[in-house]
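Dumped final06.cif below, it's mmCIF, N, CA and C atoms:
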```cif
data_protein
#
loop_
_atom_site.label_atom_id
_atom_site.label_comp_id
_atom_site.auth_asym_id
_atom_site.auth_seq_id
_atom_site.Cartn_x
_atom_site.Cartn_y
_atom_site.Cartn_z
N MET M 1 174.07 109.32 -83.53
CA MET M 1 174.23 107.96 -83.01
C MET M 1 172.87 107.51 -82.46
N VAL M 2 172.42 106.34 -82.87
CA VAL M 2 171.16 105.77 -82.41
C VAL M 2 171.45 104.88 -81.20
N GLU M 3 170.75 105.17 -80.10
CA GLU M 3 170.88 104.37 -78.88
C GLU M 3 169.94 103.17 -78.97
N VAL M 4 170.46 101.96 -78.79
CA VAL M 4 169.67 100.74 -78.81
C VAL M 4 169.85 100.06 -77.47
N GLN M 5 168.74 99.78 -76.80
CA GLN M 5 168.80 99.03 -75.54
C GLN M 5 168.19 97.67 -75.79
N LEU M 6 168.98 96.62 -75.55
CA LEU M 6 168.58 95.25 -75.83
C LEU M 6 168.13 94.57 -74.54
N TYR M 7 166.88 94.11 -74.54
CA TYR M 7 166.32 93.37 -73.42
C TYR M 7 165.96 91.98 -73.93
N GLY M 8 165.93 91.02 -73.04
CA GLY M 8 165.53 89.69 -73.45
C GLY M 8 165.68 88.71 -72.31
N ASP M 9 165.49 87.45 -72.63
CA ASP M 9 165.58 86.44 -71.59
C ASP M 9 166.97 85.83 -71.52
N ALA M 10 167.21 85.12 -70.44
CA ALA M 10 168.53 84.54 -70.21
C ALA M 10 168.89 83.49 -71.25
N ALA M 11 167.91 82.85 -71.87
CA ALA M 11 168.17 81.79 -72.85
C ALA M 11 168.84 82.33 -74.11
N GLY M 12 168.69 83.60 -74.40
CA GLY M 12 169.30 84.18 -75.59
C GLY M 12 170.81 84.12 -75.57
N GLY M 13 171.39 83.94 -74.39
CA GLY M 13 172.84 83.82 -74.28
C GLY M 13 173.33 82.40 -74.45
N SER M 14 172.41 81.44 -74.56
CA SER M 14 172.79 80.04 -74.73
C SER M 14 173.14 79.76 -76.18
N ARG M 15 174.12 78.93 -76.36
CA ARG M 15 174.54 78.58 -77.72
C ARG M 15 173.50 77.68 -78.37
N SER M 16 173.30 77.91 -79.66
CA SER M 16 172.39 77.05 -80.41
C SER M 16 173.21 75.95 -81.07
N THR M 17 172.54 75.08 -81.79
CA THR M 17 173.25 73.99 -82.47
C THR M 17 174.17 74.55 -83.56
N ALA M 18 173.90 75.77 -84.03
CA ALA M 18 174.73 76.38 -85.07
C ALA M 18 176.03 76.94 -84.50
N GLY M 19 176.15 77.02 -83.18
CA GLY M 19 177.40 77.47 -82.58
C GLY M 19 177.33 78.81 -81.88
N LYS M 20 176.59 79.77 -82.39
CA LYS M 20 176.53 81.08 -81.78
C LYS M 20 175.21 81.26 -81.04
N SER M 21 175.27 82.01 -79.94
CA SER M 21 174.03 82.32 -79.23
C SER M 21 173.32 83.44 -79.99
N ASP M 22 172.04 83.62 -79.68
CA ASP M 22 171.27 84.70 -80.31
C ASP M 22 171.92 86.05 -80.03
N TYR M 23 172.39 86.25 -78.80
CA TYR M 23 172.98 87.54 -78.45
C TYR M 23 174.33 87.75 -79.14
N GLU M 24 175.06 86.68 -79.40
CA GLU M 24 176.31 86.80 -80.16
C GLU M 24 176.02 87.23 -81.59
N VAL M 25 174.97 86.69 -82.18
CA VAL M 25 174.58 87.08 -83.54
C VAL M 25 174.23 88.57 -83.56
N ILE M 26 173.48 89.02 -82.57
CA ILE M 26 173.11 90.44 -82.48
C ILE M 26 174.34 91.31 -82.30
N ARG M 27 175.25 90.91 -81.41
CA ARG M 27 176.50 91.67 -81.21
C ARG M 27 177.29 91.76 -82.51
N ASP M 28 177.41 90.64 -83.22
CA ASP M 28 178.14 90.63 -84.49
C ASP M 28 177.52 91.60 -85.49
N PHE M 29 176.19 91.61 -85.56
CA PHE M 29 175.52 92.52 -86.48
C PHE M 29 175.86 93.97 -86.16
N PHE M 30 175.72 94.34 -84.90
CA PHE M 30 175.94 95.74 -84.55
C PHE M 30 177.42 96.15 -84.59
N ARG M 31 178.34 95.18 -84.56
CA ARG M 31 179.76 95.51 -84.73
C ARG M 31 180.03 96.03 -86.14
N THR M 32 179.26 95.52 -87.11
CA THR M 32 179.50 95.91 -88.50
C THR M 32 178.69 97.12 -88.91
N GLU M 33 177.69 97.49 -88.11
CA GLU M 33 176.84 98.64 -88.43
C GLU M 33 177.32 99.86 -87.65
N THR M 34 177.59 100.93 -88.36
CA THR M 34 177.99 102.15 -87.67
C THR M 34 176.74 102.96 -87.34
N GLY M 35 176.88 103.84 -86.41
CA GLY M 35 175.77 104.70 -86.06
C GLY M 35 174.88 104.16 -84.95
N PHE M 36 175.26 103.04 -84.33
CA PHE M 36 174.47 102.48 -83.25
C PHE M 36 175.33 102.34 -82.00
N ARG M 37 174.74 102.63 -80.87
CA ARG M 37 175.38 102.34 -79.58
C ARG M 37 174.43 101.40 -78.85
N VAL M 38 174.87 100.17 -78.64
CA VAL M 38 174.00 99.14 -78.07
C VAL M 38 174.36 98.90 -76.61
N THR M 39 173.34 98.90 -75.78
CA THR M 39 173.48 98.55 -74.37
C THR M 39 172.70 97.27 -74.14
N HIS M 40 173.39 96.25 -73.66
CA HIS M 40 172.74 94.96 -73.39
C HIS M 40 172.23 94.98 -71.95
N LYS M 41 170.92 94.84 -71.80
CA LYS M 41 170.29 94.86 -70.48
C LYS M 41 169.59 93.53 -70.23
N VAL M 42 170.33 92.46 -70.42
CA VAL M 42 169.80 91.12 -70.28
C VAL M 42 170.38 90.52 -69.01
N ARG M 43 169.53 90.02 -68.16
CA ARG M 43 169.98 89.36 -66.93
C ARG M 43 170.56 87.98 -67.26
N SER M 44 171.49 87.53 -66.43
CA SER M 44 172.08 86.21 -66.64
C SER M 44 171.17 85.10 -66.14
N THR M 45 170.20 85.45 -65.30
CA THR M 45 169.21 84.48 -64.82
C THR M 45 167.81 85.06 -65.05
N TYR M 46 166.84 84.18 -65.06
CA TYR M 46 165.46 84.62 -65.25
C TYR M 46 164.93 85.27 -63.97
N PRO M 47 164.26 86.41 -64.10
CA PRO M 47 163.55 86.92 -62.92
C PRO M 47 162.34 86.02 -62.67
N PRO M 48 161.90 85.91 -61.43
CA PRO M 48 160.70 85.10 -61.18
C PRO M 48 159.52 85.59 -62.02
N VAL M 49 158.73 84.64 -62.52
CA VAL M 49 157.60 84.97 -63.39
C VAL M 49 156.64 85.92 -62.69
N ARG M 50 156.35 85.66 -61.43
CA ARG M 50 155.43 86.54 -60.70
C ARG M 50 155.96 87.96 -60.63
N ASP M 51 157.27 88.12 -60.50
CA ASP M 51 157.85 89.47 -60.47
C ASP M 51 157.62 90.19 -61.80
N ARG M 52 157.80 89.46 -62.91
CA ARG M 52 157.57 90.06 -64.23
C ARG M 52 156.10 90.44 -64.40
N VAL M 53 155.21 89.53 -64.06
CA VAL M 53 153.77 89.78 -64.21
C VAL M 53 153.34 90.94 -63.31
N ASN M 54 153.79 90.92 -62.07
CA ASN M 54 153.42 92.00 -61.15
C ASN M 54 153.97 93.34 -61.60
N ALA M 55 155.18 93.35 -62.14
CA ALA M 55 155.76 94.61 -62.61
C ALA M 55 154.96 95.17 -63.78
N VAL M 56 154.58 94.32 -64.72
CA VAL M 56 153.78 94.77 -65.87
C VAL M 56 152.41 95.25 -65.40
N ASN M 57 151.76 94.46 -64.54
CA ASN M 57 150.44 94.85 -64.05
C ASN M 57 150.49 96.18 -63.30
N ALA M 58 151.53 96.39 -62.50
CA ALA M 58 151.66 97.65 -61.76
C ALA M 58 151.89 98.83 -62.70
N MET M 59 152.57 98.60 -63.81
CA MET M 59 152.76 99.67 -64.77
C MET M 59 151.47 99.96 -65.53
N LEU M 60 150.69 98.93 -65.83
CA LEU M 60 149.42 99.13 -66.55
C LEU M 60 148.42 99.89 -65.68
N CYS M 61 148.32 99.52 -64.41
CA CYS M 61 147.45 100.25 -63.48
C CYS M 61 147.77 99.76 -62.07
N ASN M 62 148.37 100.62 -61.26
CA ASN M 62 148.74 100.20 -59.91
C ASN M 62 147.59 100.35 -58.93
N SER M 63 147.83 100.07 -57.67
CA SER M 63 146.77 100.07 -56.66
C SER M 63 146.20 101.45 -56.40
N TYR M 64 146.88 102.50 -56.85
CA TYR M 64 146.38 103.87 -56.72
C TYR M 64 145.62 104.32 -57.97
N GLY M 65 145.50 103.41 -58.95
CA GLY M 65 144.82 103.75 -60.20
C GLY M 65 145.69 104.53 -61.17
N ILE M 66 146.99 104.56 -60.91
CA ILE M 66 147.92 105.29 -61.78
C ILE M 66 148.39 104.37 -62.89
N ARG M 67 148.28 104.86 -64.11
CA ARG M 67 148.73 104.10 -65.30
C ARG M 67 150.06 104.70 -65.76
N ARG M 68 151.09 103.85 -65.83
CA ARG M 68 152.41 104.31 -66.24
C ARG M 68 152.90 103.62 -67.50
N LEU M 69 152.04 102.84 -68.13
CA LEU M 69 152.39 102.13 -69.36
C LEU M 69 151.20 102.19 -70.29
N SER M 70 151.45 102.64 -71.50
CA SER M 70 150.38 102.62 -72.50
C SER M 70 150.83 101.75 -73.67
N ILE M 71 149.89 101.04 -74.23
CA ILE M 71 150.15 100.13 -75.34
C ILE M 71 149.51 100.72 -76.59
N ASP M 72 150.30 100.88 -77.63
CA ASP M 72 149.77 101.39 -78.89
C ASP M 72 148.76 100.39 -79.44
N PRO M 73 147.59 100.85 -79.90
CA PRO M 73 146.57 99.94 -80.44
C PRO M 73 147.06 99.09 -81.60
N ARG M 74 148.13 99.52 -82.28
CA ARG M 74 148.67 98.72 -83.39
C ARG M 74 149.43 97.48 -82.91
N CYS M 75 149.73 97.40 -81.61
CA CYS M 75 150.44 96.25 -81.04
C CYS M 75 149.43 95.14 -80.74
N ARG M 76 148.79 94.64 -81.77
CA ARG M 76 147.68 93.71 -81.60
C ARG M 76 148.10 92.39 -80.93
N GLN M 77 149.26 91.88 -81.28
CA GLN M 77 149.70 90.61 -80.67
C GLN M 77 149.98 90.80 -79.19
N LEU M 78 150.59 91.90 -78.83
CA LEU M 78 150.85 92.17 -77.41
C LEU M 78 149.54 92.32 -76.65
N ILE M 79 148.60 93.06 -77.20
CA ILE M 79 147.29 93.24 -76.55
C ILE M 79 146.59 91.88 -76.40
N ARG M 80 146.66 91.08 -77.43
CA ARG M 80 146.05 89.74 -77.38
C ARG M 80 146.68 88.92 -76.26
N ASP M 81 148.01 88.95 -76.16
CA ASP M 81 148.71 88.25 -75.08
C ASP M 81 148.25 88.74 -73.72
N LEU M 82 148.24 90.05 -73.54
CA LEU M 82 147.88 90.61 -72.23
C LEU M 82 146.45 90.26 -71.84
N GLU M 83 145.58 90.12 -72.83
CA GLU M 83 144.19 89.77 -72.56
C GLU M 83 143.98 88.28 -72.31
N ARG M 84 144.80 87.42 -72.91
CA ARG M 84 144.52 85.98 -72.90
C ARG M 84 145.46 85.12 -72.07
N VAL M 85 146.67 85.57 -71.81
CA VAL M 85 147.59 84.74 -71.03
C VAL M 85 147.11 84.71 -69.58
N SER M 86 147.13 83.51 -69.00
CA SER M 86 146.66 83.36 -67.62
C SER M 86 147.58 82.39 -66.88
N TRP M 87 147.34 82.26 -65.60
CA TRP M 87 148.09 81.32 -64.79
C TRP M 87 147.57 79.91 -65.07
N LYS M 88 148.47 78.95 -65.03
CA LYS M 88 148.09 77.54 -65.27
C LYS M 88 147.36 77.02 -64.02
N ALA M 89 146.23 76.38 -64.25
CA ALA M 89 145.43 75.82 -63.15
C ALA M 89 145.77 74.35 -62.94
N ASP M 90 145.64 73.89 -61.68
CA ASP M 90 145.83 72.47 -61.40
C ASP M 90 144.54 71.71 -61.69
N ASN M 91 144.51 70.44 -61.36
CA ASN M 91 143.35 69.59 -61.64
C ASN M 91 142.09 70.04 -60.90
N HIS M 92 142.26 70.84 -59.85
CA HIS M 92 141.12 71.32 -59.06
C HIS M 92 140.72 72.74 -59.43
N GLY M 93 141.39 73.31 -60.44
CA GLY M 93 141.06 74.66 -60.87
C GLY M 93 141.78 75.75 -60.12
N ASN M 94 142.69 75.37 -59.21
CA ASN M 94 143.47 76.37 -58.47
C ASN M 94 144.58 76.91 -59.34
N LEU M 95 144.74 78.22 -59.34
CA LEU M 95 145.79 78.83 -60.15
C LEU M 95 147.14 78.64 -59.48
N GLY M 96 148.12 78.27 -60.29
CA GLY M 96 149.46 78.00 -59.77
C GLY M 96 150.40 79.16 -60.00
N ALA M 97 151.69 78.88 -59.93
CA ALA M 97 152.73 79.90 -60.05
C ALA M 97 153.36 79.92 -61.44
N ARG M 98 152.79 79.16 -62.38
CA ARG M 98 153.32 79.13 -63.75
C ARG M 98 152.27 79.66 -64.72
N LEU M 99 152.76 80.29 -65.79
CA LEU M 99 151.85 80.76 -66.83
C LEU M 99 151.42 79.58 -67.69
N ASP M 100 150.21 79.64 -68.18
CA ASP M 100 149.70 78.61 -69.08
C ASP M 100 150.31 78.84 -70.45
N LYS M 101 151.18 77.93 -70.85
CA LYS M 101 151.88 78.05 -72.14
C LYS M 101 151.35 77.01 -73.13
N SER M 102 150.13 76.55 -72.94
CA SER M 102 149.57 75.50 -73.80
C SER M 102 149.28 76.00 -75.22
N ASN M 103 149.07 77.30 -75.39
CA ASN M 103 148.85 77.86 -76.72
C ASN M 103 150.17 78.43 -77.22
N PRO M 104 150.80 77.81 -78.23
CA PRO M 104 152.12 78.27 -78.69
C PRO M 104 152.11 79.66 -79.32
N GLU M 105 150.92 80.19 -79.61
CA GLU M 105 150.83 81.53 -80.20
C GLU M 105 150.81 82.63 -79.13
N LEU M 106 150.73 82.23 -77.87
CA LEU M 106 150.66 83.21 -76.79
C LEU M 106 151.92 83.21 -75.94
N THR M 107 152.11 84.22 -75.21
CA THR M 107 153.13 84.49 -74.17
C THR M 107 154.42 85.11 -74.70
N HIS M 108 154.74 84.98 -75.97
CA HIS M 108 156.03 85.48 -76.44
C HIS M 108 156.14 87.00 -76.32
N THR M 109 155.17 87.73 -76.80
CA THR M 109 155.28 89.19 -76.78
C THR M 109 155.08 89.74 -75.37
N SER M 110 154.19 89.13 -74.59
CA SER M 110 154.02 89.62 -73.21
C SER M 110 155.24 89.26 -72.36
N ASP M 111 155.90 88.12 -72.64
CA ASP M 111 157.15 87.81 -71.96
C ASP M 111 158.20 88.87 -72.27
N ALA M 112 158.30 89.24 -73.54
CA ALA M 112 159.29 90.25 -73.94
C ALA M 112 159.04 91.57 -73.21
N LEU M 113 157.79 92.01 -73.16
CA LEU M 113 157.47 93.22 -72.42
C LEU M 113 157.83 93.05 -70.95
N GLY M 114 157.57 91.88 -70.41
CA GLY M 114 157.86 91.61 -69.00
C GLY M 114 159.33 91.72 -68.67
N TYR M 115 160.21 91.27 -69.56
CA TYR M 115 161.65 91.37 -69.31
C TYR M 115 162.08 92.83 -69.25
N LEU M 116 161.58 93.64 -70.17
CA LEU M 116 161.91 95.07 -70.17
C LEU M 116 161.38 95.75 -68.91
N VAL M 117 160.09 95.57 -68.63
CA VAL M 117 159.47 96.27 -67.50
C VAL M 117 160.09 95.82 -66.18
N GLU M 118 160.31 94.51 -66.00
CA GLU M 118 160.90 94.03 -64.75
C GLU M 118 162.31 94.59 -64.57
N ARG M 119 163.07 94.62 -65.64
CA ARG M 119 164.46 95.11 -65.56
C ARG M 119 164.52 96.58 -65.21
N GLU M 120 163.66 97.38 -65.81
CA GLU M 120 163.72 98.82 -65.62
C GLU M 120 162.82 99.35 -64.51
N PHE M 121 161.69 98.70 -64.27
CA PHE M 121 160.69 99.26 -63.36
C PHE M 121 160.20 98.29 -62.31
N GLY M 122 160.77 97.10 -62.26
CA GLY M 122 160.29 96.09 -61.33
C GLY M 122 160.67 96.37 -59.89
N LEU M 123 160.25 95.48 -59.04
CA LEU M 123 160.54 95.59 -57.62
C LEU M 123 162.02 95.28 -57.41
N HIS M 124 162.75 96.26 -56.90
CA HIS M 124 164.18 96.11 -56.69
C HIS M 124 164.47 96.24 -55.20
N PRO M 125 165.42 95.48 -54.69
CA PRO M 125 165.69 95.49 -53.26
C PRO M 125 166.12 96.85 -52.72
N THR M 126 166.55 97.74 -53.58
CA THR M 126 167.05 99.03 -53.11
C THR M 126 166.01 100.13 -53.18
N GLY M 127 164.75 99.80 -53.10
CA GLY M 127 163.79 100.89 -53.07
C GLY M 127 162.45 100.66 -53.71
N GLY M 128 162.11 99.44 -54.06
CA GLY M 128 160.77 99.19 -54.59
C GLY M 128 160.62 99.56 -56.06
N PHE M 129 159.37 99.78 -56.44
CA PHE M 129 159.06 100.11 -57.82
C PHE M 129 159.62 101.48 -58.17
N ARG M 130 160.07 101.64 -59.40
CA ARG M 130 160.55 102.92 -59.87
C ARG M 130 159.39 103.74 -60.41
N ALA M 131 159.44 105.03 -60.22
CA ALA M 131 158.30 105.89 -60.57
C ALA M 131 158.46 106.55 -61.93
N HIS M 132 158.72 105.76 -62.95
CA HIS M 132 158.84 106.29 -64.31
C HIS M 132 157.63 105.87 -65.12
N PHE M 133 157.51 106.44 -66.29
CA PHE M 133 156.40 106.14 -67.17
C PHE M 133 156.94 105.59 -68.48
N ILE M 134 156.16 104.76 -69.15
CA ILE M 134 156.45 104.31 -70.50
C ILE M 134 155.27 104.73 -71.35
N GLY M 135 155.52 105.41 -72.44
CA GLY M 135 154.40 105.87 -73.26
C GLY M 135 154.53 105.48 -74.69
#
```

Re-express the file's structure as structure tokens.
Amino acid sequence: MVEVQLYGDAAGGSRSTAGKSDYEVIRDFFRTETGFRVTHKVRSTYPPVRDRVNAVNAMLCNSYGIRRLSIDPRCRQLIRDLERVSWKADNHGNLGARLDKSNPELTHTSDALGYLVEREFGLHPTGGFRAHFIG
């Protein structure tokens, strides 16, 4: 049995104009496929963007210099996102609390990583960051 853990954003549960949500389509697919056990780990609301960014940054290299997340060099789009996505600046150049989404080719893969990392390793009220590694 193959274990599949599904992470994503809250919008995936919203119905599209075709009638089914993205997550309903995924559930339907896995109902017909044998050999998979799917666990849905999608929050019903969005975690704050800063929490996602901070969780990913802490996994990449925390304040003690410990790296708990490694990115395969073949993940070129993810690496590009992590290198180029930045906070949106106001008219005075001050960085705000929103990511700059002006380039439609950026943020998608780093957002996806952020949902996984925040869900599994983010700051949680019951004890802070979790001390696991992703390799």

TODO: Would you write out, as number ranges by chain, every residue that the PyMOL selection byres (((chain M and resi 104-115 and name CA) around 10) and name CA) captures in this file?
DONE: M: 7-10, 41-43, 46-47, 49, 51-57, 75, 77-86, 99-103, 116-122

Pull the alpha helix (DSSP H) assignments for chain M out of DSSP run on the backbone, and list those residues as a short mmCIF file (atom, residue, chain, number, x, y, z; two decimals) with N, CA and C atoms, in the coordinates of the input.
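See states-v3.cif below for the written result:
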```
data_model
loop_
_atom_site.label_atom_id
_atom_site.label_comp_id
_atom_site.auth_asym_id
_atom_site.auth_seq_id
_atom_site.Cartn_x
_atom_site.Cartn_y
_atom_site.Cartn_z
N ASP M 22 172.04 83.62 -79.68
CA ASP M 22 171.27 84.70 -80.31
C ASP M 22 171.92 86.05 -80.03
N TYR M 23 172.39 86.25 -78.80
CA TYR M 23 172.98 87.54 -78.45
C TYR M 23 174.33 87.75 -79.14
N GLU M 24 175.06 86.68 -79.40
CA GLU M 24 176.31 86.80 -80.16
C GLU M 24 176.02 87.23 -81.59
N VAL M 25 174.97 86.69 -82.18
CA VAL M 25 174.58 87.08 -83.54
C VAL M 25 174.23 88.57 -83.56
N ILE M 26 173.48 89.02 -82.57
CA ILE M 26 173.11 90.44 -82.48
C ILE M 26 174.34 91.31 -82.30
N ARG M 27 175.25 90.91 -81.41
CA ARG M 27 176.50 91.67 -81.21
C ARG M 27 177.29 91.76 -82.51
N ASP M 28 177.41 90.64 -83.22
CA ASP M 28 178.14 90.63 -84.49
C ASP M 28 177.52 91.60 -85.49
N PHE M 29 176.19 91.61 -85.56
CA PHE M 29 175.52 92.52 -86.48
C PHE M 29 175.86 93.97 -86.16
N PHE M 30 175.72 94.34 -84.90
CA PHE M 30 175.94 95.74 -84.55
C PHE M 30 177.42 96.15 -84.59
N ARG M 31 178.34 95.18 -84.56
CA ARG M 31 179.76 95.51 -84.73
C ARG M 31 180.03 96.03 -86.14
N THR M 32 179.26 95.52 -87.11
CA THR M 32 179.50 95.91 -88.50
C THR M 32 178.69 97.12 -88.91
N VAL M 49 158.73 84.64 -62.52
CA VAL M 49 157.60 84.97 -63.39
C VAL M 49 156.64 85.92 -62.69
N ARG M 50 156.35 85.66 -61.43
CA ARG M 50 155.43 86.54 -60.70
C ARG M 50 155.96 87.96 -60.63
N ASP M 51 157.27 88.12 -60.50
CA ASP M 51 157.85 89.47 -60.47
C ASP M 51 157.62 90.19 -61.80
N ARG M 52 157.80 89.46 -62.91
CA ARG M 52 157.57 90.06 -64.23
C ARG M 52 156.10 90.44 -64.40
N VAL M 53 155.21 89.53 -64.06
CA VAL M 53 153.77 89.78 -64.21
C VAL M 53 153.34 90.94 -63.31
N ASN M 54 153.79 90.92 -62.07
CA ASN M 54 153.42 92.00 -61.15
C ASN M 54 153.97 93.34 -61.60
N ALA M 55 155.18 93.35 -62.14
CA ALA M 55 155.76 94.61 -62.61
C ALA M 55 154.96 95.17 -63.78
N VAL M 56 154.58 94.32 -64.72
CA VAL M 56 153.78 94.77 -65.87
C VAL M 56 152.41 95.25 -65.40
N ASN M 57 151.76 94.46 -64.54
CA ASN M 57 150.44 94.85 -64.05
C ASN M 57 150.49 96.18 -63.30
N ALA M 58 151.53 96.39 -62.50
CA ALA M 58 151.66 97.65 -61.76
C ALA M 58 151.89 98.83 -62.70
N MET M 59 152.57 98.60 -63.81
CA MET M 59 152.76 99.67 -64.77
C MET M 59 151.47 99.96 -65.53
N LEU M 60 150.69 98.93 -65.83
CA LEU M 60 149.42 99.13 -66.55
C LEU M 60 148.42 99.89 -65.68
N ARG M 76 148.79 94.64 -81.77
CA ARG M 76 147.68 93.71 -81.60
C ARG M 76 148.10 92.39 -80.93
N GLN M 77 149.26 91.88 -81.28
CA GLN M 77 149.70 90.61 -80.67
C GLN M 77 149.98 90.80 -79.19
N LEU M 78 150.59 91.90 -78.83
CA LEU M 78 150.85 92.17 -77.41
C LEU M 78 149.54 92.32 -76.65
N ILE M 79 148.60 93.06 -77.20
CA ILE M 79 147.29 93.24 -76.55
C ILE M 79 146.59 91.88 -76.40
N ARG M 80 146.66 91.08 -77.43
CA ARG M 80 146.05 89.74 -77.38
C ARG M 80 146.68 88.92 -76.26
N ASP M 81 148.01 88.95 -76.16
CA ASP M 81 148.71 88.25 -75.08
C ASP M 81 148.25 88.74 -73.72
N LEU M 82 148.24 90.05 -73.54
CA LEU M 82 147.88 90.61 -72.23
C LEU M 82 146.45 90.26 -71.84
N GLU M 83 145.58 90.12 -72.83
CA GLU M 83 144.19 89.77 -72.56
C GLU M 83 143.98 88.28 -72.31
N ARG M 84 144.80 87.42 -72.91
CA ARG M 84 144.52 85.98 -72.90
C ARG M 84 145.46 85.12 -72.07
N HIS M 108 154.74 84.98 -75.97
CA HIS M 108 156.03 85.48 -76.44
C HIS M 108 156.14 87.00 -76.32
N THR M 109 155.17 87.73 -76.80
CA THR M 109 155.28 89.19 -76.78
C THR M 109 155.08 89.74 -75.37
N SER M 110 154.19 89.13 -74.59
CA SER M 110 154.02 89.62 -73.21
C SER M 110 155.24 89.26 -72.36
N ASP M 111 155.90 88.12 -72.64
CA ASP M 111 157.15 87.81 -71.96
C ASP M 111 158.20 88.87 -72.27
N ALA M 112 158.30 89.24 -73.54
CA ALA M 112 159.29 90.25 -73.94
C ALA M 112 159.04 91.57 -73.21
N LEU M 113 157.79 92.01 -73.16
CA LEU M 113 157.47 93.22 -72.42
C LEU M 113 157.83 93.05 -70.95
N GLY M 114 157.57 91.88 -70.41
CA GLY M 114 157.86 91.61 -69.00
C GLY M 114 159.33 91.72 -68.67
N TYR M 115 160.21 91.27 -69.56
CA TYR M 115 161.65 91.37 -69.31
C TYR M 115 162.08 92.83 -69.25
N LEU M 116 161.58 93.64 -70.17
CA LEU M 116 161.91 95.07 -70.17
C LEU M 116 161.38 95.75 -68.91
N VAL M 117 160.09 95.57 -68.63
CA VAL M 117 159.47 96.27 -67.50
C VAL M 117 160.09 95.82 -66.18
N GLU M 118 160.31 94.51 -66.00
CA GLU M 118 160.90 94.03 -64.75
C GLU M 118 162.31 94.59 -64.57
N ARG M 119 163.07 94.62 -65.64
CA ARG M 119 164.46 95.11 -65.56
C ARG M 119 164.52 96.58 -65.21
N GLU M 120 163.66 97.38 -65.81
CA GLU M 120 163.72 98.82 -65.62
C GLU M 120 162.82 99.35 -64.51
N PHE M 121 161.69 98.70 -64.27
CA PHE M 121 160.69 99.26 -63.36
C PHE M 121 160.20 98.29 -62.31
#
```

TODO: Extract, using only C-alpha atoms, all DNA, RNA and protein residues at most 10 Å from Gly96 (chain M), discarding same-chain residues fewer than 6 positions from it, and format them as a list in words.
DONE: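 Counting only the stated atoms, we get Ser86, Trp87, Lys88, Ala89 and Asp90 of chain M.
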
- [ ] Pull out every residue that the PyMOL selection byres ((chain M and resi 34-40) around 7) matches in the shown coordinates and put them as an NGL selection string.
- [x] :M and (1-7 or 30-33 or 41-43)

Task: Separation of atom C of Arg98 (chain M) from CA of Pro48 (chain M), in Å and rounded to one decimal - done: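 For atom C of Arg98 (chain M) relative to CA of Pro48 (chain M), the distance reads 10.6 Å.
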
Task: Separation of CA of Asp22 (chain M) from atom N of Ala97 (chain M) in Å - done: 28.9 Å

Open item on the list: One number please: atom C of Leu95 (chain M) to atom N of Arg50 (chain M), in Å, one decimal.
Closed with: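 Straight-line distance from atom C of Leu95 (chain M) to atom N of Arg50 (chain M) works out to 11.7 Å.
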
Open item on the list: Taking all atoms listed in the file into account, name the residue in M:Ala11, M:Asp28, M:Ala58, M:Tyr23 that is nearest to Ser44 (chain M).
Closed with: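 The shortest atom-to-atom distance to Ser44 (chain M) comes from M:Ala11.
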
TODO: Write down as an MDAnalysis selection string the residues belonging to chain M that are assigned strand (DSSP E or B) by DSSP computed on the backbone.
DONE: chainID M and resid 2:6 15 21 36:40 69 87:89 95:99 124 128 134
